[in-house]
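Remarks on the structure that follows.
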Amino acid sequence: MERRVRVRFAPSPTGPLHIGGVRTALYNYLFARQHKGDFILRIEDTDSQRFVPGAEEYINESLRWCGINIDEGVNEGGDYAPYRQSERREIYLKYAMDLINSDNAYYAFDTPEELTSLRESVEAKGEVFAYNYTVRTEFATSLILSKEEVEERINRGDQWVVRFKMPENEIIHMKDLIRGDIAVNTSTLDDKVLYKSADSLPTYHLANIVDDRLMEISHVIRGEEWLPSLPLHYLLYRSFGWSDIQPEFAHLPLLLKPTGKGKLSKRDGDKMGFPVFPLKWVAPTTGETARGYREDGYFPESFINMIALLGWNPGNDQEIMNMEQLTELFSLDKVGKSGARFDPEKAKWFNSQYMQKRDNSELAESFLVELKERGVDCSLDMAIKVTSMIKERTTFISDFWGESFFIFEAPKSFDEKVVAKFWKGENPIRMAKLRELLAEVEDFSASNTESLVHNWIKSNELPMGQIMNSLRLVIVGESKGPSMFDICEMIGKEETLKRIDFAISELA
Ligand code: GLU
C-alpha cells in the first residue's frame, strides 16, 4: 500500500519567519496538496533559551496571509496532538533511555569546566576538538562508570546529558530527493547531545526524529542547513529500529543575497532596502522593527508566486502561477541543488503583474482608505474609474496617489522645467483658444474631446506635441500622467476650464 503523504513544517519560535522559512513551508504545502496528503505545523520549542514571545503567532499569521492552510497544528489540533514540542516533553525521556539501553547513547556527567579544559588541552596540541570516540572515555560517562555509580550520581542530583554514541569509521549511505546519494564517514561526526537533565527536555535532534516517527511523517522537506544533521538522523532511525519506515528527505537550496554572493540573512533586508520577512515584525524586548511584504503592499499571491520560483521552476518559462497551478506543477525533481539568488526587483515585477489581474473595485476600496486619510472625498465609482485608468502604471496601491493626485487636486503651482519648455511662443494663446473650443463641447467623454481636439489641431495645422504638453502642464501641473482626454473626462468640463483659466492667469 502507498504510504500516505504527511509533511510537516517545523519552525522553532526564535523570531520572525524569514522568507527562506516561508519557502520551506510553501514547498511542503504544495507537495502535500499535490499528493492529497496532510500539511502539519509543528512548533519546535525545546530550546527555551532561544524562545521569543510572539514568534509562534507570527508564524501562524504569516502562513495564513500566504494562503498556506494547515491541516494539523497548534491551533488546528489533529489526531497526533499536541503539536507544540514543549507540550510533549513527557514523551521524549523514554526514547532517550531506549537509546542508552540499546548502547546507542550514554549518560555524560562532565561539567562545562571539564569540557572546556579538555577542549583547551586538545587545541593546545594544534588539534581540532570534537566530542566523539576520541575523547568520550576521558569524561565521567556511563561508558566507563559502573551502573551503581551512574545511579548514585543521578540520585544525588548531578546534572547529566544523554549523548549519541556515534559509531567510529562507518560509512553512512543516505538518499536525498534533490541531491541524490550521499555518503558520510561517521568519524567526521560528533556525539550530539540528545537530552538534558537541566531542563528535562530533548534537543532538536531527538525531539525531531521521535516526533516525525510518532506523527507518521512521510517526507521531510527542509533547508539545506539541516543536511549536516542527516547522518545523525539516519543513525537515530536505525538505532530505534525505524529505518524501514523513516521519512524520505529533501534538502532545499540556500537563498542567496541579490548579489549572488553569500546566504541571504535576516539583516540583509534593512541593509539593502527590501523586506526579508512576510509580515512586519516588532521585537518584543527591544521594540526594533523589521519590514514585511504585507505591510510594504505586496499581494499574498504575488509574494507566494515569487517565493515558489526561488529554487524551483516548472521546467518552462511560465512565471505567473497561482496556488492551484503551483500545486499541479510543483515537483521536487525540479528543485535545484545550487543556491537561489533573491531578486527584490523581480519581487516588484511580480506585484505589478498581479496588480493588473486584480479586480478594480477591490483595489479601489483600498485606495479609498488612503483618500479618506488624505481628506479627499471620492465615491467608489470614481475610485474604480481612477483605478482602471492608472493601475497599469503602478506596482503597489501606495503608488496610486502619486499617479492620480491631479484628479483630486488642481495644481497650485507648475513644474518650472516644464513651464520653461512649453509655456512659450504661441502656446499660451493656443491654450486660450483650446479653452474656447472646449467650452462649447457638450459631450465631455474622452473619445469625443479627443476627436474634436485632434481635428482642431489638424485643421489649424498646429503642432500636436506642443499643444498636448501645454495642456498637460495646465491640467496636471507637471509632465506626468495617463491620457489627457481621460483626465479631462474624469475631472469634468467645469474643472478643466477652471484649470486652464487658472494656469493662464498664474503663468502670465
Ligand atoms: N526546528 C527546525 C528549524 O527550526 C526544523 C528543522 C527540520 O525541519 O528538521 O528549522
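Following the order of the C-alpha cells, first chain is A, next is B, and so on, with residues numbered from 1 inside each chain and ligands from 1 in the order they appear.
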
Distance query Met484 of chain A at most 8 Å, only C-alpha atoms, self and fewer than 5 positions along chain excluded, as number ranges by chain: A: 468, 471-472

Contacts with ligand 1 at most 7 Å, only C-alpha atoms and all ligand atoms counted, listed as a PyMOL selection string: chain A and resi 9-12+44+204+208+220-222+226

Store the residues picked out above in a file with all heavy atoms, as an mmCIF file, in the first residue's frame.
```cif
data_model
loop_
_atom_site.group_PDB
_atom_site.id
_atom_site.type_symbol
_atom_site.label_atom_id
_atom_site.label_comp_id
_atom_site.auth_asym_id
_atom_site.auth_seq_id
_atom_site.Cartn_x
_atom_site.Cartn_y
_atom_site.Cartn_z
ATOM 1 N N PHE A 9 5.930 21.332 8.561
ATOM 2 C CA PHE A 9 6.805 22.498 8.641
ATOM 3 C C PHE A 9 7.064 22.631 10.134
ATOM 4 O O PHE A 9 6.115 22.643 10.925
ATOM 5 C CB PHE A 9 6.097 23.718 8.061
ATOM 6 C CG PHE A 9 6.893 24.988 8.168
ATOM 7 C CD1 PHE A 9 8.220 25.021 7.755
ATOM 8 C CD2 PHE A 9 6.325 26.148 8.680
ATOM 9 C CE1 PHE A 9 8.964 26.189 7.857
ATOM 10 C CE2 PHE A 9 7.067 27.316 8.772
ATOM 11 C CZ PHE A 9 8.381 27.333 8.361
ATOM 12 N N ALA A 10 8.344 22.670 10.512
ATOM 13 C CA ALA A 10 8.674 22.537 11.934
ATOM 14 C C ALA A 10 9.555 23.673 12.441
ATOM 15 O O ALA A 10 10.678 23.461 12.882
ATOM 16 C CB ALA A 10 9.370 21.191 12.159
ATOM 17 N N PRO A 11 9.074 24.904 12.371
ATOM 18 C CA PRO A 11 9.923 26.018 12.790
ATOM 19 C C PRO A 11 10.116 26.082 14.304
ATOM 20 O O PRO A 11 9.290 25.588 15.060
ATOM 21 C CB PRO A 11 9.140 27.245 12.311
ATOM 22 C CG PRO A 11 7.718 26.814 12.369
ATOM 23 C CD PRO A 11 7.717 25.357 12.000
ATOM 24 N N SER A 12 11.220 26.695 14.677
ATOM 25 C CA SER A 12 11.444 26.997 16.090
ATOM 26 C C SER A 12 11.040 28.449 16.296
ATOM 27 O O SER A 12 11.405 29.308 15.490
ATOM 28 C CB SER A 12 12.918 26.805 16.427
ATOM 29 O OG SER A 12 13.266 25.467 16.190
ATOM 30 N N GLU A 44 8.684 23.683 17.197
ATOM 31 C CA GLU A 44 9.821 23.038 17.867
ATOM 32 C C GLU A 44 10.427 24.015 18.877
ATOM 33 O O GLU A 44 11.365 24.754 18.571
ATOM 34 C CB GLU A 44 10.827 22.567 16.817
ATOM 35 C CG GLU A 44 10.181 21.579 15.846
ATOM 36 C CD GLU A 44 11.150 20.573 15.243
ATOM 37 O OE1 GLU A 44 12.312 20.924 14.981
ATOM 38 O OE2 GLU A 44 10.720 19.404 15.033
ATOM 39 N N TYR A 204 16.916 19.352 19.747
ATOM 40 C CA TYR A 204 16.250 19.300 18.443
ATOM 41 C C TYR A 204 16.293 17.898 17.833
ATOM 42 O O TYR A 204 15.268 17.372 17.379
ATOM 43 C CB TYR A 204 16.911 20.333 17.506
ATOM 44 C CG TYR A 204 16.764 20.000 16.046
ATOM 45 C CD1 TYR A 204 15.543 20.137 15.400
ATOM 46 C CD2 TYR A 204 17.850 19.497 15.312
ATOM 47 C CE1 TYR A 204 15.395 19.801 14.061
ATOM 48 C CE2 TYR A 204 17.711 19.162 13.976
ATOM 49 C CZ TYR A 204 16.484 19.307 13.353
ATOM 50 O OH TYR A 204 16.348 18.975 12.040
ATOM 51 N N ASN A 208 12.916 15.910 17.151
ATOM 52 C CA ASN A 208 12.553 15.951 15.737
ATOM 53 C C ASN A 208 12.340 14.545 15.175
ATOM 54 O O ASN A 208 11.333 14.270 14.510
ATOM 55 C CB ASN A 208 13.685 16.690 14.998
ATOM 56 C CG ASN A 208 13.397 16.939 13.540
ATOM 57 O OD1 ASN A 208 13.708 16.100 12.708
ATOM 58 N ND2 ASN A 208 12.805 18.088 13.227
ATOM 59 N N VAL A 220 10.445 14.587 4.691
ATOM 60 C CA VAL A 220 10.990 15.755 5.389
ATOM 61 C C VAL A 220 11.574 16.670 4.322
ATOM 62 O O VAL A 220 12.519 16.303 3.621
ATOM 63 C CB VAL A 220 12.066 15.322 6.404
ATOM 64 C CG1 VAL A 220 12.854 16.535 6.895
ATOM 65 C CG2 VAL A 220 11.426 14.583 7.569
ATOM 66 N N ILE A 221 10.957 17.837 4.165
ATOM 67 C CA ILE A 221 11.439 18.817 3.181
ATOM 68 C C ILE A 221 11.883 20.023 3.987
ATOM 69 O O ILE A 221 11.065 20.650 4.667
ATOM 70 C CB ILE A 221 10.303 19.195 2.197
ATOM 71 C CG1 ILE A 221 9.759 17.935 1.511
ATOM 72 C CG2 ILE A 221 10.789 20.215 1.175
ATOM 73 C CD1 ILE A 221 8.453 18.157 0.729
ATOM 74 N N ARG A 222 13.167 20.327 3.956
ATOM 75 C CA ARG A 222 13.670 21.390 4.831
ATOM 76 C C ARG A 222 14.905 22.028 4.211
ATOM 77 O O ARG A 222 15.422 21.574 3.199
ATOM 78 C CB ARG A 222 13.997 20.821 6.212
ATOM 79 C CG ARG A 222 15.072 19.754 6.172
ATOM 80 C CD ARG A 222 15.295 19.124 7.545
ATOM 81 N NE ARG A 222 16.228 18.009 7.448
ATOM 82 C CZ ARG A 222 16.454 17.155 8.430
ATOM 83 N NH1 ARG A 222 15.823 17.276 9.583
ATOM 84 N NH2 ARG A 222 17.326 16.176 8.277
ATOM 85 N N TRP A 226 20.184 21.877 7.272
ATOM 86 C CA TRP A 226 19.978 20.666 8.065
ATOM 87 C C TRP A 226 20.628 19.440 7.453
ATOM 88 O O TRP A 226 20.596 18.359 8.035
ATOM 89 C CB TRP A 226 18.478 20.412 8.284
ATOM 90 C CG TRP A 226 17.875 21.563 9.017
ATOM 91 C CD1 TRP A 226 17.098 22.556 8.487
ATOM 92 C CD2 TRP A 226 18.070 21.908 10.394
ATOM 93 N NE1 TRP A 226 16.791 23.486 9.451
ATOM 94 C CE2 TRP A 226 17.369 23.116 10.628
ATOM 95 C CE3 TRP A 226 18.773 21.314 11.448
ATOM 96 C CZ2 TRP A 226 17.359 23.734 11.874
ATOM 97 C CZ3 TRP A 226 18.748 21.936 12.688
ATOM 98 C CH2 TRP A 226 18.056 23.125 12.886
#
```

Which of segment 209-338 of chain A fall in strand (DSSP E), as a list in words: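 These are the residues in question: His219, Val220, Ile221, Arg222, Gly223, Glu248, Phe249, Ala250, His251, Leu252, Leu255, Leu256, Trp281, Val282, Thr289 and Ala290 of chain A.
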
Nearest-residue call for Asp71 of chain A, choices A:Val150, A:Ala32, A:Leu115, A:Ala55, using only C-alpha atoms: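 Going through A:Val150, A:Ala32, A:Leu115, A:Ala55 one by one, the smallest distance to Asp71 of chain A is for A:Ala32.
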
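Minimum atom-to-atom distance to Met382 of chain A, evaluated using only C-alpha atoms, belongs to A:Gly492 out of A:Gly262, A:Pro278, A:Gly492, A:Gly481.
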
Nearest candidate to Arg33 of chain A (options A:Asn132, A:Thr327, A:Thr14, A:Ser86; using only C-alpha atoms): A:Thr327

DSSP helix (DSSP H, G or I) selection over segment 247-304 of chain A, as number ranges by chain: A: 268-272, 300-304

For the residues in that selection, give me N, CA, C and O atoms as a compact mmCIF listing (two decimals), in the first residue's frame.
```txt
# COMPACT_ATOMS: atom_id res chain seq x y z
N ASP A 268 20.00 41.37 5.94
CA ASP A 268 20.22 41.93 4.60
C ASP A 268 19.12 42.89 4.17
O ASP A 268 19.39 43.87 3.48
N GLY A 269 17.88 42.59 4.55
CA GLY A 269 16.76 43.40 4.10
C GLY A 269 16.94 44.86 4.44
O GLY A 269 16.89 45.73 3.57
N ASP A 270 17.20 45.13 5.72
CA ASP A 270 17.32 46.52 6.12
C ASP A 270 18.54 47.16 5.50
O ASP A 270 18.52 48.33 5.12
N LYS A 271 19.60 46.34 5.36
CA LYS A 271 20.82 46.89 4.75
C LYS A 271 20.60 47.23 3.29
O LYS A 271 21.09 48.21 2.79
N MET A 272 19.86 46.36 2.59
CA MET A 272 19.73 46.55 1.15
C MET A 272 18.39 47.14 0.73
O MET A 272 18.13 47.29 -0.46
N PRO A 300 -0.50 38.81 -1.36
CA PRO A 300 -0.01 37.49 -0.96
C PRO A 300 0.21 36.55 -2.15
O PRO A 300 1.19 35.80 -2.18
N GLU A 301 -0.65 36.65 -3.17
CA GLU A 301 -0.50 35.77 -4.35
C GLU A 301 0.81 36.04 -5.07
O GLU A 301 1.45 35.12 -5.58
N SER A 302 1.18 37.30 -5.12
CA SER A 302 2.39 37.66 -5.84
C SER A 302 3.61 37.24 -5.02
O SER A 302 4.60 36.71 -5.55
N PHE A 303 3.52 37.43 -3.71
CA PHE A 303 4.61 37.03 -2.81
C PHE A 303 4.86 35.52 -2.92
O PHE A 303 6.00 35.08 -3.10
N ILE A 304 3.79 34.75 -2.87
CA ILE A 304 3.89 33.30 -2.95
C ILE A 304 4.46 32.85 -4.30
O ILE A 304 5.32 31.98 -4.39
```

From A:Met306, A:Val135, A:Val474, A:Val184, residue lying nearest Lys346 of chain A [only C-alpha atoms]: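 The shortest atom-to-atom distance to Lys346 of chain A comes from A:Met306.
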
Selection near segment 198-203 of chain A, 8 Å with only C-alpha atoms, sequence-local residues under 2 positions removed, as a ChimeraX atom specification: /A:46-47,89,92-93,159-160,193-196,205-207

For Glu426 of chain A, please output as an mmCIF file with C-alpha atoms, in the first residue's frame all residues within 12 Å (counting only C-alpha atoms; exclusion window: fewer than 2 positions along the same chain).
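Output below, filename part_24.cif:
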```
data_model
loop_
_atom_site.group_PDB
_atom_site.id
_atom_site.type_symbol
_atom_site.label_atom_id
_atom_site.label_comp_id
_atom_site.auth_asym_id
_atom_site.auth_seq_id
_atom_site.Cartn_x
_atom_site.Cartn_y
_atom_site.Cartn_z
ATOM 1 C CA PHE A 422 6.294 74.565 -23.090
ATOM 2 C CA TRP A 423 4.831 77.838 -21.790
ATOM 3 C CA LYS A 424 6.342 79.948 -24.523
ATOM 4 C CA PRO A 428 -0.387 80.399 -24.072
ATOM 5 C CA ILE A 429 -2.597 81.795 -26.831
ATOM 6 C CA ARG A 430 -3.240 78.327 -28.182
ATOM 7 C CA MET A 431 -4.418 77.273 -24.700
ATOM 8 C CA ALA A 432 -6.827 80.186 -24.600
ATOM 9 C CA LYS A 433 -8.197 79.068 -27.965
ATOM 10 C CA LEU A 462 -0.954 73.205 -35.087
ATOM 11 C CA PRO A 463 1.922 71.273 -33.517
ATOM 12 C CA GLN A 466 3.261 71.454 -28.138
ATOM 13 C CA ILE A 467 -0.486 71.545 -27.617
ATOM 14 C CA SER A 470 0.891 72.531 -22.704
#
```

For atom CA of Ser404 of chain A and atom CA of Tyr298 of chain A, the interatomic separation in Å (one decimal):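 Atom CA of Ser404 of chain A sits 20.0 Å away from atom CA of Tyr298 of chain A.
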
Who sits within 12 Å of Ser447 of chain A, only C-alpha atoms, same chain under 3 positions skipped, as a list of chain:residue names: A:Asp443, A:Phe444, A:Glu450, A:Ser451, A:Leu452, A:Val453, A:His454, A:Ser483, A:Met484, A:Phe485, A:Asp486, A:Ile487, A:Cys488, A:Glu489

For Ile172 of chain A: contacts at 8 Å, only C-alpha atoms, fewer than 3 positions along chain excluded, given as a ChimeraX atom specification: /A:183-186,231

Please report, as a tab-separated table, each residue of segment 334-399 of chain A lying at most 12 Å from segment 287-296 of chain A, together with the nearest pair of atoms and the separation in Å rounded to one decimal; use only C-alpha atoms, and order rows by chain and ascending residue number.
```
residue	atom	partner	partner_atom	distance
A:Pro344	CA	A:Tyr293	CA	10.9
A:Ala347	CA	A:Tyr293	CA	9.6
A:Lys348	CA	A:Tyr293	CA	10.4
A:Asn351	CA	A:Tyr293	CA	10.5
A:Thr395	CA	A:Asp296	CA	10.9
A:Phe396	CA	A:Asp296	CA	8.3
A:Ile397	CA	A:Asp296	CA	9.7
A:Ser398	CA	A:Asp296	CA	8.7
A:Asp399	CA	A:Asp296	CA	11.3
```

Residue subset to file, keeping N, CA, C and O atoms, as a tab-separated table (two decimals), in the first residue's frame:
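As written to disk, selection.tsv reads:
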```
chain	number	residue	atom	x	y	z
A	344	PRO	N	15.09	41.39	-5.37
A	344	PRO	CA	13.99	42.24	-4.90
A	344	PRO	C	13.26	42.94	-6.06
A	344	PRO	O	12.07	43.23	-5.95
A	347	ALA	N	10.66	40.71	-7.32
A	347	ALA	CA	9.51	40.68	-6.41
A	347	ALA	C	8.54	41.80	-6.78
A	347	ALA	O	7.32	41.60	-6.83
A	348	LYS	N	9.08	42.97	-7.11
A	348	LYS	CA	8.22	44.10	-7.51
A	348	LYS	C	7.54	43.80	-8.83
A	348	LYS	O	6.37	44.12	-9.02
A	351	ASN	N	4.60	41.78	-8.34
A	351	ASN	CA	3.47	42.52	-7.77
A	351	ASN	C	2.75	43.35	-8.83
A	351	ASN	O	1.53	43.43	-8.84
A	395	THR	N	2.75	49.55	-9.13
A	395	THR	CA	3.18	48.26	-8.58
A	395	THR	C	2.46	47.99	-7.27
A	395	THR	O	2.13	46.86	-6.95
A	396	PHE	N	2.24	49.06	-6.50
A	396	PHE	CA	1.59	48.94	-5.19
A	396	PHE	C	0.41	49.90	-5.12
A	396	PHE	O	0.40	50.92	-5.82
A	397	ILE	N	-0.51	49.62	-4.23
A	397	ILE	CA	-1.62	50.55	-4.04
A	397	ILE	C	-1.09	51.90	-3.54
A	397	ILE	O	-1.64	52.95	-3.84
A	398	SER	N	0.03	51.84	-2.84
A	398	SER	CA	0.61	53.09	-2.35
A	398	SER	C	1.13	53.98	-3.50
A	398	SER	O	1.48	55.13	-3.29
A	399	ASP	N	1.21	53.43	-4.72
A	399	ASP	CA	1.61	54.25	-5.88
A	399	ASP	C	0.43	55.04	-6.43
A	399	ASP	O	0.61	55.95	-7.25
```

Neighbour list for Leu252 of chain A as an MDAnalysis selection string, cut-off 10 Å, only C-alpha atoms, skip fewer than 4 positions in-chain: chainID A and resid 20 23:24 27 177:179 221:227 310:312 332 335:340

Which residue of A:Pro275, A:Gly126, A:Gly77, A:Pro112 approaches Ile19 of chain A most closely, using only C-alpha atoms: A:Pro275

Separation of atom CA of Gly402 of chain A from atom CA of Lys493 of chain A in Å: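 Separation of atom CA of Lys493 of chain A and atom CA of Gly402 of chain A: 22.9 Å.
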
From A:Pro82, A:Ile320, A:Gln34, A:Leu17, residue lying nearest Glu56 of chain A [only C-alpha atoms]: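 Comparing A:Pro82, A:Ile320, A:Gln34, A:Leu17 against Glu56 of chain A, the winner is A:Leu17.
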